[in-house]
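Participant: Sharing upload01.txt below, compact mmCIF, C-alpha atoms and all ligand atoms:
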# COMPACT_ATOMS: atom_id res chain seq x y z
CA MET A 49 -44.17 -86.12 -107.09
CA ARG A 50 -45.35 -82.49 -107.37
CA THR A 51 -47.87 -80.50 -105.32
CA GLN A 52 -48.76 -76.87 -104.65
CA VAL A 53 -48.29 -76.78 -100.86
CA ALA A 54 -46.22 -79.36 -98.94
CA ILE A 55 -47.24 -79.41 -95.28
CA ILE A 56 -44.84 -80.80 -92.67
CA GLY A 57 -46.62 -82.19 -89.59
CA ALA A 58 -50.09 -83.69 -89.02
CA GLY A 59 -50.89 -81.97 -85.74
CA PRO A 60 -53.90 -79.66 -85.58
CA ALA A 61 -52.07 -76.89 -87.53
CA GLY A 62 -51.05 -79.12 -90.45
CA LEU A 63 -54.33 -81.03 -90.65
CA LEU A 64 -56.49 -77.89 -90.47
CA LEU A 65 -54.38 -76.11 -93.08
CA GLY A 66 -54.62 -79.17 -95.33
CA GLN A 67 -58.40 -79.25 -95.00
CA LEU A 68 -58.81 -75.51 -95.70
CA LEU A 69 -56.57 -75.80 -98.77
CA THR A 70 -58.34 -78.90 -100.11
CA ARG A 71 -61.68 -77.12 -99.77
CA ALA A 72 -60.23 -74.18 -101.71
CA GLY A 73 -59.07 -76.50 -104.49
CA ILE A 74 -55.37 -76.16 -103.66
CA ASP A 75 -53.29 -79.35 -103.94
CA ASN A 76 -51.42 -80.35 -100.80
CA ILE A 77 -49.65 -83.25 -99.18
CA ILE A 78 -48.98 -83.76 -95.47
CA ILE A 79 -45.75 -85.41 -94.37
CA GLU A 80 -45.72 -86.57 -90.73
CA GLN A 81 -42.98 -88.44 -88.90
CA ARG A 82 -45.28 -90.37 -86.52
CA SER A 83 -48.16 -92.81 -87.00
CA PRO A 84 -51.79 -91.62 -86.86
CA GLU A 85 -52.27 -93.60 -83.62
CA TYR A 86 -49.33 -91.84 -81.99
CA VAL A 87 -50.62 -88.41 -83.04
CA LEU A 88 -54.08 -89.26 -81.62
CA GLY A 89 -52.57 -90.57 -78.38
CA ARG A 90 -51.15 -87.19 -77.33
CA ILE A 91 -53.51 -85.70 -74.76
CA ARG A 92 -53.25 -81.93 -74.94
CA ALA A 93 -55.56 -78.96 -75.30
CA GLY A 94 -59.21 -78.84 -74.38
CA ILE A 95 -60.53 -75.32 -74.86
CA LEU A 96 -61.53 -73.82 -78.22
CA GLU A 97 -62.09 -70.12 -78.83
CA SER A 98 -64.95 -69.09 -81.11
CA VAL A 99 -62.38 -68.12 -83.79
CA THR A 100 -61.15 -71.74 -83.75
CA VAL A 101 -64.70 -73.10 -83.92
CA ASP A 102 -65.32 -70.79 -86.93
CA ALA A 103 -62.15 -72.11 -88.62
CA LEU A 104 -63.26 -75.72 -88.07
CA GLU A 105 -66.67 -74.83 -89.52
CA ARG A 106 -65.00 -73.31 -92.55
CA ALA A 107 -63.00 -76.52 -92.93
CA GLY A 108 -66.27 -78.49 -92.85
CA VAL A 109 -65.36 -80.54 -89.77
CA ALA A 110 -67.51 -78.99 -87.03
CA GLY A 111 -70.42 -81.48 -87.02
CA ARG A 112 -69.31 -83.62 -84.08
CA LEU A 113 -67.87 -80.56 -82.32
CA HIS A 114 -71.32 -78.94 -82.26
CA ALA A 115 -73.00 -82.19 -81.21
CA GLU A 116 -70.55 -83.19 -78.46
CA GLY A 117 -68.60 -80.05 -77.47
CA LEU A 118 -69.61 -78.35 -74.23
CA VAL A 119 -70.17 -74.59 -74.44
CA HIS A 120 -68.83 -72.90 -71.31
CA HIS A 121 -70.04 -69.43 -70.41
CA GLY A 122 -67.65 -68.96 -67.51
CA ILE A 123 -64.65 -70.14 -65.51
CA ALA A 124 -63.86 -70.12 -61.79
CA LEU A 125 -60.83 -68.86 -59.89
CA SER A 126 -60.18 -70.65 -56.60
CA TYR A 127 -57.91 -69.10 -53.96
CA GLY A 128 -57.96 -68.17 -50.29
CA GLY A 129 -60.41 -71.01 -49.60
CA GLN A 130 -63.09 -69.67 -51.95
CA ARG A 131 -64.28 -70.15 -55.51
CA HIS A 132 -65.03 -67.04 -57.58
CA HIS A 133 -67.08 -67.19 -60.76
CA ILE A 134 -66.00 -65.21 -63.84
CA ASP A 135 -69.00 -64.93 -66.15
CA LEU A 136 -67.30 -64.73 -69.56
CA HIS A 137 -70.55 -64.43 -71.47
CA ALA A 138 -72.02 -61.67 -69.30
CA LEU A 139 -68.72 -59.74 -69.38
CA ILE A 140 -67.82 -60.01 -73.04
CA GLY A 141 -70.73 -61.68 -74.83
CA ARG A 142 -68.77 -64.73 -75.98
CA SER A 143 -68.00 -68.21 -74.65
CA VAL A 144 -65.52 -71.04 -75.19
CA THR A 145 -66.09 -74.67 -76.21
CA VAL A 146 -64.68 -77.69 -74.39
CA TYR A 147 -63.66 -80.20 -77.09
CA GLY A 148 -60.40 -82.13 -76.86
CA GLN A 149 -57.52 -81.63 -79.28
CA THR A 150 -57.63 -85.40 -79.82
CA GLU A 151 -61.19 -85.08 -81.12
CA VAL A 152 -60.34 -82.10 -83.36
CA THR A 153 -57.44 -84.14 -84.76
CA ARG A 154 -59.63 -87.22 -85.28
CA ASP A 155 -62.30 -85.19 -87.13
CA LEU A 156 -59.66 -83.63 -89.38
CA MET A 157 -58.00 -87.00 -90.09
CA ASP A 158 -61.38 -88.55 -90.96
CA ALA A 159 -62.22 -85.69 -93.34
CA ARG A 160 -58.83 -85.96 -95.02
CA ARG A 161 -59.20 -89.70 -95.48
CA ALA A 162 -62.72 -89.22 -96.92
CA ASP A 163 -61.35 -86.69 -99.46
CA ASP A 164 -58.50 -89.07 -100.32
CA THR A 165 -55.93 -86.27 -99.97
CA PRO A 166 -52.37 -87.60 -99.74
CA THR A 167 -50.83 -87.98 -96.28
CA VAL A 168 -47.56 -89.73 -95.57
CA TYR A 169 -47.29 -91.02 -91.99
CA GLU A 170 -44.13 -92.44 -90.44
CA ALA A 171 -41.89 -90.44 -92.78
CA GLN A 172 -38.25 -90.49 -91.63
CA GLU A 173 -35.39 -88.05 -92.18
CA VAL A 174 -37.74 -85.28 -93.35
CA SER A 175 -35.85 -82.29 -94.75
CA VAL A 176 -36.83 -79.06 -96.55
CA HIS A 177 -34.86 -77.47 -99.41
CA GLY A 178 -34.76 -74.51 -101.76
CA PHE A 179 -37.30 -72.34 -99.96
CA ASP A 180 -35.09 -69.26 -100.43
CA GLY A 181 -35.46 -69.69 -104.21
CA SER A 182 -38.38 -70.52 -106.51
CA THR A 183 -38.21 -74.35 -106.49
CA PRO A 184 -38.67 -75.66 -102.94
CA SER A 185 -38.82 -79.37 -102.18
CA VAL A 186 -39.25 -81.79 -99.33
CA ARG A 187 -37.35 -85.05 -98.98
CA TYR A 188 -38.10 -87.98 -96.69
CA ARG A 189 -37.40 -91.67 -96.27
CA LYS A 190 -40.26 -94.14 -96.17
CA ASP A 191 -40.06 -97.95 -96.19
CA GLY A 192 -36.35 -97.75 -96.86
CA ALA A 193 -36.61 -95.53 -99.98
CA MET A 194 -35.97 -91.80 -100.36
CA HIS A 195 -38.76 -89.64 -101.83
CA GLU A 196 -38.84 -86.06 -103.06
CA VAL A 197 -41.84 -83.75 -103.34
CA ALA A 198 -41.44 -80.63 -105.49
CA CYS A 199 -43.80 -77.82 -104.48
CA ASP A 200 -44.57 -74.09 -104.74
CA TYR A 201 -44.56 -73.54 -100.98
CA ILE A 202 -43.74 -75.36 -97.73
CA ALA A 203 -45.86 -74.98 -94.58
CA GLY A 204 -43.84 -75.82 -91.46
CA CYS A 205 -46.50 -77.17 -89.07
CA ASP A 206 -44.11 -79.53 -87.32
CA GLY A 207 -44.40 -78.28 -83.76
CA PHE A 208 -41.79 -76.96 -81.35
CA HIS A 209 -39.31 -79.82 -81.94
CA GLY A 210 -39.74 -79.87 -85.72
CA ILE A 211 -37.08 -79.35 -88.40
CA CYS A 212 -38.58 -76.46 -90.40
CA ARG A 213 -37.67 -73.62 -88.02
CA GLU A 214 -34.21 -75.09 -87.51
CA SER A 215 -33.66 -75.26 -91.28
CA VAL A 216 -33.60 -71.46 -91.41
CA PRO A 217 -30.14 -69.95 -90.80
CA ALA A 218 -29.96 -68.65 -87.22
CA ALA A 219 -28.91 -65.21 -88.50
CA ALA A 220 -32.25 -64.85 -90.31
CA ARG A 221 -34.43 -65.18 -87.23
CA GLN A 222 -34.79 -63.81 -83.75
CA VAL A 223 -35.88 -65.87 -80.76
CA PHE A 224 -37.64 -64.63 -77.61
CA GLU A 225 -37.94 -67.13 -74.78
CA ARG A 226 -38.82 -67.66 -71.13
CA VAL A 227 -38.61 -71.06 -69.48
CA TYR A 228 -40.58 -71.38 -66.24
CA PRO A 229 -39.12 -73.24 -63.26
CA PHE A 230 -42.07 -75.67 -63.13
CA GLY A 231 -44.24 -77.95 -65.24
CA TRP A 232 -47.78 -79.34 -65.22
CA LEU A 233 -48.49 -82.90 -64.19
CA GLY A 234 -51.73 -83.86 -65.97
CA LEU A 235 -54.10 -86.74 -65.27
CA LEU A 236 -57.03 -87.93 -67.38
CA SER A 237 -59.73 -90.05 -65.75
CA GLU A 238 -63.13 -91.48 -66.54
CA THR A 239 -64.80 -89.55 -63.71
CA PRO A 240 -67.42 -86.76 -63.69
CA PRO A 241 -65.81 -83.27 -63.61
CA VAL A 242 -65.66 -81.62 -60.19
CA ALA A 243 -67.65 -78.59 -61.41
CA ASP A 244 -69.69 -77.44 -64.42
CA GLU A 245 -66.94 -75.00 -65.39
CA LEU A 246 -63.13 -75.07 -65.36
CA VAL A 247 -61.57 -74.20 -61.99
CA TYR A 248 -58.16 -72.45 -61.98
CA ALA A 249 -56.71 -72.70 -58.45
CA SER A 250 -53.91 -70.69 -56.86
CA HIS A 251 -52.63 -72.17 -53.60
CA GLU A 252 -49.55 -72.07 -51.37
CA ARG A 253 -48.71 -75.58 -52.56
CA GLY A 254 -48.92 -74.45 -56.19
CA PHE A 255 -51.32 -74.05 -59.08
CA ALA A 256 -54.00 -76.61 -59.96
CA LEU A 257 -56.52 -76.82 -62.80
CA CYS A 258 -59.75 -78.80 -62.97
CA SER A 259 -60.74 -79.27 -66.59
CA MET A 260 -62.75 -81.84 -68.53
CA ARG A 261 -63.25 -83.54 -71.85
CA SER A 262 -66.92 -84.45 -71.42
CA ARG A 263 -69.53 -84.85 -68.67
CA HIS A 264 -67.94 -88.14 -67.67
CA ARG A 265 -64.25 -87.55 -68.43
CA SER A 266 -62.05 -85.19 -66.40
CA ARG A 267 -58.65 -83.64 -67.00
CA TYR A 268 -56.74 -82.32 -63.98
CA TYR A 269 -53.36 -80.64 -63.63
CA VAL A 270 -51.08 -79.72 -60.71
CA GLN A 271 -48.01 -77.50 -60.89
CA VAL A 272 -44.84 -79.52 -60.11
CA ALA A 273 -41.15 -78.66 -60.01
CA ALA A 274 -39.43 -78.96 -63.39
CA SER A 275 -37.33 -81.82 -61.98
CA GLU A 276 -40.33 -84.06 -61.06
CA ARG A 277 -40.74 -87.45 -62.74
CA VAL A 278 -44.13 -88.88 -63.60
CA GLU A 279 -43.05 -92.33 -62.27
CA ASP A 280 -42.96 -90.83 -58.78
CA TRP A 281 -46.62 -89.85 -58.93
CA SER A 282 -49.08 -92.63 -58.11
CA ASP A 283 -52.73 -91.81 -58.84
CA GLU A 284 -53.31 -91.66 -55.10
CA ARG A 285 -50.55 -89.10 -54.60
CA PHE A 286 -51.90 -86.99 -57.46
CA TRP A 287 -55.46 -86.92 -56.10
CA GLN A 288 -54.25 -86.05 -52.63
CA GLU A 289 -52.11 -83.20 -53.95
CA LEU A 290 -54.90 -81.87 -56.16
CA ARG A 291 -57.45 -81.96 -53.35
CA SER A 292 -55.10 -80.10 -51.01
CA ARG A 293 -54.90 -77.18 -53.46
CA LEU A 294 -58.65 -76.70 -53.94
CA ASP A 295 -61.09 -74.63 -51.88
CA PRO A 296 -63.27 -76.77 -49.55
CA GLN A 297 -66.38 -76.54 -51.78
CA THR A 298 -64.49 -77.81 -54.82
CA ALA A 299 -62.38 -80.34 -52.87
CA SER A 300 -65.46 -81.97 -51.36
CA ALA A 301 -67.01 -82.49 -54.82
CA LEU A 302 -63.92 -84.17 -56.28
CA VAL A 303 -64.59 -87.68 -57.62
CA THR A 304 -61.40 -89.71 -58.04
CA GLY A 305 -60.68 -92.82 -60.10
CA PRO A 306 -57.91 -94.63 -61.96
CA SER A 307 -55.90 -92.55 -64.44
CA ILE A 308 -56.16 -93.21 -68.20
CA GLU A 309 -53.13 -91.04 -68.92
CA LYS A 310 -50.61 -89.16 -66.82
CA SER A 311 -47.80 -86.94 -68.11
CA ILE A 312 -45.66 -83.92 -67.28
CA ALA A 313 -45.39 -80.92 -69.63
CA PRO A 314 -42.76 -78.21 -69.15
CA LEU A 315 -43.93 -74.58 -69.31
CA ARG A 316 -42.37 -72.19 -71.79
CA SER A 317 -42.99 -68.91 -73.59
CA PHE A 318 -41.29 -68.79 -76.99
CA VAL A 319 -41.58 -66.78 -80.21
CA SER A 320 -39.40 -67.10 -83.31
CA GLU A 321 -39.63 -64.13 -85.70
CA PRO A 322 -40.41 -63.81 -88.54
CA MET A 323 -42.83 -66.62 -89.44
CA ARG A 324 -41.95 -66.59 -93.16
CA PHE A 325 -38.66 -67.21 -94.95
CA GLY A 326 -39.06 -67.03 -98.71
CA ARG A 327 -41.37 -69.92 -99.61
CA LEU A 328 -41.36 -71.48 -96.14
CA PHE A 329 -44.13 -70.49 -93.72
CA LEU A 330 -44.13 -71.52 -90.04
CA ALA A 331 -47.45 -72.02 -88.24
CA GLY A 332 -48.51 -73.11 -84.74
CA ASP A 333 -46.04 -74.49 -82.20
CA ALA A 334 -43.29 -74.49 -84.87
CA ALA A 335 -43.22 -70.69 -84.53
CA HIS A 336 -44.39 -70.06 -80.96
CA ILE A 337 -45.14 -71.69 -77.62
CA VAL A 338 -47.29 -70.39 -74.77
CA PRO A 339 -47.59 -71.86 -71.27
CA PRO A 340 -50.96 -73.69 -71.24
CA THR A 341 -52.48 -71.54 -68.46
CA GLY A 342 -54.30 -69.27 -70.92
CA ALA A 343 -55.48 -72.18 -73.13
CA LYS A 344 -54.09 -70.45 -76.21
CA GLY A 345 -51.66 -72.84 -78.00
CA LEU A 346 -54.11 -74.74 -80.20
CA ASN A 347 -56.12 -71.58 -80.79
CA LEU A 348 -53.07 -69.70 -82.05
CA ALA A 349 -52.24 -72.62 -84.34
CA ALA A 350 -55.78 -72.36 -85.78
CA SER A 351 -55.60 -68.59 -86.35
CA ASP A 352 -52.17 -68.92 -88.00
CA VAL A 353 -53.38 -71.48 -90.52
CA LEU A 354 -56.56 -69.54 -91.18
CA ALA A 355 -54.41 -66.54 -92.19
CA LEU A 356 -52.09 -68.79 -94.20
CA SER A 357 -54.93 -70.48 -96.06
CA GLU A 358 -56.40 -67.06 -96.93
CA GLY A 359 -52.97 -66.02 -98.23
CA PHE A 360 -52.71 -69.14 -100.42
CA GLU A 361 -56.26 -68.70 -101.72
CA ALA A 362 -55.57 -65.10 -102.78
CA ARG A 363 -52.31 -66.18 -104.38
CA TYR A 364 -53.80 -69.06 -106.40
CA ARG A 365 -57.19 -67.53 -107.25
CA ARG A 366 -56.21 -63.94 -107.99
CA ALA A 367 -52.41 -64.01 -108.29
CA ASP A 368 -52.46 -61.70 -105.25
CA ALA A 369 -49.46 -62.35 -102.97
CA SER A 370 -50.23 -59.63 -100.43
CA GLY A 371 -51.76 -62.10 -97.93
CA LEU A 372 -48.63 -64.26 -98.02
CA ASP A 373 -46.39 -61.19 -97.82
CA GLY A 374 -48.29 -59.90 -94.78
CA TYR A 375 -48.68 -63.34 -93.12
CA SER A 376 -45.91 -63.04 -90.57
CA ALA A 377 -46.74 -59.51 -89.40
CA ARG A 378 -50.45 -60.30 -89.20
CA CYS A 379 -49.95 -63.46 -87.14
CA LEU A 380 -47.33 -61.99 -84.82
CA GLN A 381 -49.74 -59.23 -83.74
CA ARG A 382 -52.13 -61.84 -82.37
CA VAL A 383 -49.33 -64.14 -81.17
CA TRP A 384 -47.73 -61.51 -78.96
CA LYS A 385 -51.06 -60.59 -77.34
CA ALA A 386 -51.68 -64.27 -76.56
CA GLU A 387 -48.10 -64.56 -75.26
CA ARG A 388 -48.74 -61.64 -72.95
CA PHE A 389 -52.02 -63.09 -71.65
CA SER A 390 -50.57 -66.59 -71.14
CA TRP A 391 -47.55 -65.17 -69.29
CA TRP A 392 -49.84 -63.02 -67.14
CA MET A 393 -52.20 -65.90 -66.25
CA THR A 394 -49.16 -68.04 -65.42
CA SER A 395 -47.65 -65.33 -63.21
CA LEU A 396 -50.98 -64.68 -61.48
CA LEU A 397 -51.74 -68.28 -60.56
CA HIS A 398 -48.47 -70.20 -60.04
CA ARG A 399 -46.08 -70.35 -57.09
CA PHE A 400 -42.62 -69.23 -58.20
CA PRO A 401 -39.80 -70.82 -56.17
CA ASP A 402 -38.10 -67.44 -55.68
CA ALA A 403 -41.25 -65.52 -54.66
CA ASP A 404 -40.66 -63.31 -51.62
CA ALA A 405 -43.29 -62.09 -49.17
CA PHE A 406 -43.86 -58.91 -51.16
CA SER A 407 -44.51 -60.71 -54.46
CA LEU A 408 -46.94 -63.09 -52.74
CA ARG A 409 -48.93 -60.11 -51.42
CA MET A 410 -48.87 -58.57 -54.94
CA GLN A 411 -50.22 -61.81 -56.38
CA ARG A 412 -53.00 -61.93 -53.80
CA ALA A 413 -53.90 -58.27 -54.37
CA GLU A 414 -54.08 -58.89 -58.11
CA LEU A 415 -56.37 -61.93 -57.65
CA ASP A 416 -58.64 -59.84 -55.39
CA TYR A 417 -58.64 -57.10 -58.02
CA VAL A 418 -59.44 -59.47 -60.88
CA VAL A 419 -62.43 -61.05 -59.13
CA GLY A 420 -63.59 -57.82 -57.42
CA SER A 421 -63.47 -55.36 -60.29
CA GLU A 422 -65.78 -55.71 -63.28
CA ALA A 423 -63.24 -53.89 -65.44
CA ALA A 424 -60.45 -56.28 -64.43
CA SER A 425 -62.69 -59.36 -64.88
CA ARG A 426 -63.60 -58.11 -68.34
CA VAL A 427 -59.93 -57.85 -69.34
CA LEU A 428 -59.45 -61.49 -68.34
CA ALA A 429 -62.67 -62.53 -70.12
CA GLU A 430 -61.82 -60.68 -73.35
CA ASN A 431 -58.46 -62.44 -73.60
CA TYR A 432 -59.66 -65.86 -72.42
CA VAL A 433 -62.44 -66.13 -75.03
CA GLY A 434 -59.91 -64.95 -77.62
CA LEU A 435 -59.11 -61.60 -79.18
CA PRO A 436 -60.77 -60.90 -82.54
CA TYR A 437 -59.14 -62.57 -85.54
P1 LIG A 501 -48.16 -80.23 -82.74
O1 LIG A 501 -49.48 -80.61 -82.18
O2 LIG A 501 -46.97 -80.40 -81.91
O3 LIG A 501 -47.99 -81.04 -84.10
C1 LIG A 501 -46.77 -81.04 -84.83
C2 LIG A 501 -46.70 -82.31 -85.65
O4 LIG A 501 -45.50 -82.31 -86.42
C3 LIG A 501 -44.90 -83.59 -86.34
N1 LIG A 501 -43.45 -83.45 -86.60
C4 LIG A 501 -42.88 -83.79 -87.76
N2 LIG A 501 -43.38 -84.27 -88.90
C5 LIG A 501 -42.52 -84.50 -89.93
N3 LIG A 501 -41.18 -84.29 -89.83
C6 LIG A 501 -40.62 -83.81 -88.70
N4 LIG A 501 -39.32 -83.61 -88.63
C7 LIG A 501 -41.48 -83.53 -87.61
N5 LIG A 501 -41.29 -83.05 -86.36
C8 LIG A 501 -42.48 -83.01 -85.76
C9 LIG A 501 -45.22 -84.06 -84.94
O5 LIG A 501 -45.13 -85.48 -84.82
C10 LIG A 501 -46.65 -83.54 -84.78
O6 LIG A 501 -47.61 -84.49 -85.20
O7 LIG A 501 -48.17 -78.70 -83.23
P2 LIG A 501 -49.37 -77.83 -83.84
O8 LIG A 501 -50.08 -78.58 -84.93
O9 LIG A 501 -48.78 -76.50 -84.10
O10 LIG A 501 -50.44 -77.70 -82.66
C11 LIG A 501 -50.16 -77.00 -81.48
C12 LIG A 501 -50.93 -77.59 -80.30
O11 LIG A 501 -50.73 -78.98 -80.27
C13 LIG A 501 -50.50 -76.96 -78.97
O12 LIG A 501 -50.31 -75.57 -79.12
C14 LIG A 501 -51.56 -77.16 -77.86
O13 LIG A 501 -51.69 -78.51 -77.55
C15 LIG A 501 -51.19 -76.37 -76.61
N6 LIG A 501 -52.10 -76.60 -75.49
C16 LIG A 501 -53.33 -75.96 -75.42
N7 LIG A 501 -53.74 -75.15 -76.41
C17 LIG A 501 -54.99 -74.58 -76.38
O14 LIG A 501 -55.32 -73.81 -77.28
N8 LIG A 501 -55.86 -74.81 -75.34
C18 LIG A 501 -55.55 -75.64 -74.32
O15 LIG A 501 -56.40 -75.87 -73.45
C19 LIG A 501 -54.22 -76.23 -74.31
N9 LIG A 501 -53.85 -77.04 -73.32
C20 LIG A 501 -51.71 -77.46 -74.46
C21 LIG A 501 -52.62 -77.67 -73.37
C22 LIG A 501 -50.49 -78.12 -74.47
C23 LIG A 501 -50.15 -78.96 -73.44
N10 LIG A 501 -48.90 -79.61 -73.54
C24 LIG A 501 -48.74 -80.99 -73.37
C25 LIG A 501 -47.76 -78.88 -74.02
C26 LIG A 501 -52.29 -78.49 -72.33
C27 LIG A 501 -51.03 -79.12 -72.34
C28 LIG A 501 -50.70 -79.97 -71.15
C1 LIG A 502 -57.15 -78.85 -70.75
O1 LIG A 502 -58.32 -79.22 -70.61
O2 LIG A 502 -56.26 -79.63 -71.10
C2 LIG A 502 -56.79 -77.44 -70.48
C3 LIG A 502 -57.80 -76.52 -70.23
C4 LIG A 502 -57.48 -75.19 -69.95
C5 LIG A 502 -56.16 -74.80 -69.92
C6 LIG A 502 -55.15 -75.72 -70.20
C7 LIG A 502 -55.46 -77.05 -70.47
O3 LIG A 502 -55.86 -73.51 -69.62
Please re-express this file's structure in structure tokens.
Ligand code: RFL
Ligand code: PHB
Facilitator:
Amino acid sequence: MRTQVAIIGAGPAGLLLGQLLTRAGIDNIIIEQRSPEYVLGRIRAGILESVTVDALERAGVAGRLHAEGLVHHGIALSYGGQRHHIDLHALIGRSVTVYGQTEVTRDLMDARRADDTPTVYEAQEVSVHGFDGSTPSVRYRKDGAMHEVACDYIAGCDGFHGICRESVPAAARQVFERVYPFGWLGLLSETPPVADELVYASHERGFALCSMRSRHRSRYYVQVAASERVEDWSDERFWQELRSRLDPQTASALVTGPSIEKSIAPLRSFVSEPMRFGRLFLAGDAAHIVPPTGAKGLNLAASDVLALSEGFEARYRRADASGLDGYSARCLQRVWKAERFSWWMTSLLHRFPDADAFSLRMQRAELDYVVGSEAASRVLAENYVGLPY
């Protein structure tokens, strides 16, 4: 089989890229190691920047997002027993949309199926070849037989644990990394959210986040030590811990119920440079990871593939390779700013096991400054809603 762009991975990066390419008349195939049900079962991001909403509109999959997504004009910071409102829209004139990654993925999968564009799920032993020359290819095993796809380009959208980044010789790339000494324990429940907006809480017992998927489905997180195991957290223990970290106003409004999903995610900052090696392009989590505190991971994946699809369009329509040549530098500009913001939000709101009395006072002074100064609130707002594409 032959195609123009072979995409590895059917997460949001791969599916969105596929949709943008199909709409631009560029042939593509997606090769994914899991089943569609498995991909849809991963509960992850919930907050979309306007740049991401624009990209989904361009891909023609924003109908349900506009009908069901919740536009949020602000967020709240909870600490010292009080809740402080940050009015994103008043400060920076833009807002964010609450719409789960699962729903984005479902919409993209539905559109792809409707277009009848090829997707191989449950592909095993996926490997990429020849991207340093002019005849790249992808091989995989499916139903016991080996298959090979010849292509012009390979898009590595296979996430942090994928094979594309690792297929590049270590000497050709540079890695920047910080692993945090804690993770997030997340719980999804069919209960009304505790507040109209997201609440980011900083407390002596650790960070907590009150998020949502809809007006009747909530998503909550508590910071836990990296060594914690989800089996040790009953729903009851989770709710008790969450409540203890919230200000009294928020805690008293908390409605609890049985969990639908519960999982622990480690926190990491990671960038692998560059994002292009010959005819292989990395996009999304395959190239970079942010701790979820700034709600940037999915949004960065969307801006990467937007830039990549523009590069492919210029290449195929006008034989202009400048977009592809500039892809890595263009993306990394935005990536590093999101890395900085996500690291800063994480440092501001979490309890670090080695924090001494001085660093705790610094953290408190910074929180007071962020909520008390319009200039400081605006810096947070500008980054949270997303820097310009
Ligand atoms: P994904 O979603 O990991 O998809 C990669 C796909 O590649 C497949 N794959 C392979 N396929 C073929 N061959 C191989 N060898 C393969 N290896 C892997 C995988 O099965 C998978 O289907 O990466 P992608 O597409 O780059 O998307 C990135 C986002 O998923 C991620 O950045 C966000 O979920 C991060 N994130 C958040 N981002 C936001 O923008 N806003 C948020 O509010 C937000 N909250 C979060 C988050 C991530 C979290 N976790 C669990 C890490 C909250 C959490 C708790
Ligand atoms: C989520 O709803 O899963 C979510 C929201 C905001 C974040 C991280 C995760 O910063």
Participant: Return as a ChimeraX atom specification every polymer residue, whether protein, DNA or RNA, with at least one atom no more than 10 Å from an atom of ligand LIG 502 (chain A); count all atoms listed in the file.
Facilitator: /A:91-96,123,146-149,232,234-236,246-248,257-261,266-269,339-345,390,393-394,432
Participant: Rank A:Ala349, A:Leu330, A:Val278, A:Met323 by their smallest atom-to-atom distance to ligand LIG 501 (chain A), using all atoms listed in the file, and report the top residue only.
Facilitator: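 Distance minimum relative to ligand LIG 501 (chain A) lands on A:Ala349.
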Participant: Neighbours of Ala103 (chain A) within 8 Å (all atoms listed in the file; same-chain residues fewer than 6 positions away dropped), as a ChimeraX atom specification?
Facilitator: /A:350-351,354
Participant: Pick out the residues no farther than 6 Å from ligand LIG 501 (chain A), counting all atoms listed in the file, and list them as a ChimeraX atom specification.
Facilitator: /A:56-62,79-82,87,92-95,174,205-207,209-211,313,332-334,340,343-347,349
Participant: Given the choices A:Ala110, A:Ala54, A:Ala429, A:Ile312, which gets closest to Ala138 (chain A) if the distance is worked out from all atoms listed in the file?
Facilitator: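 Among the listed residues, A:Ala429 lies closest to Ala138 (chain A).
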Participant: Enter the distance from CA of Tyr417 (chain A) to CA of Glu97 (chain A), in Å, rounded to one decimal.
Facilitator: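 Separating CA of Tyr417 (chain A) from CA of Glu97 (chain A) is a distance of 24.8 Å.
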Participant: I'd like the contact shell of region 183-186 of chain A - 6 Å cut-off, only C-alpha atoms, skipping same-chain residues fewer than 6 positions apart - returned as a list in words.
Facilitator: Ser175, Val176, His177, Glu196, Val197, Ala198 and Cys199 of chain A
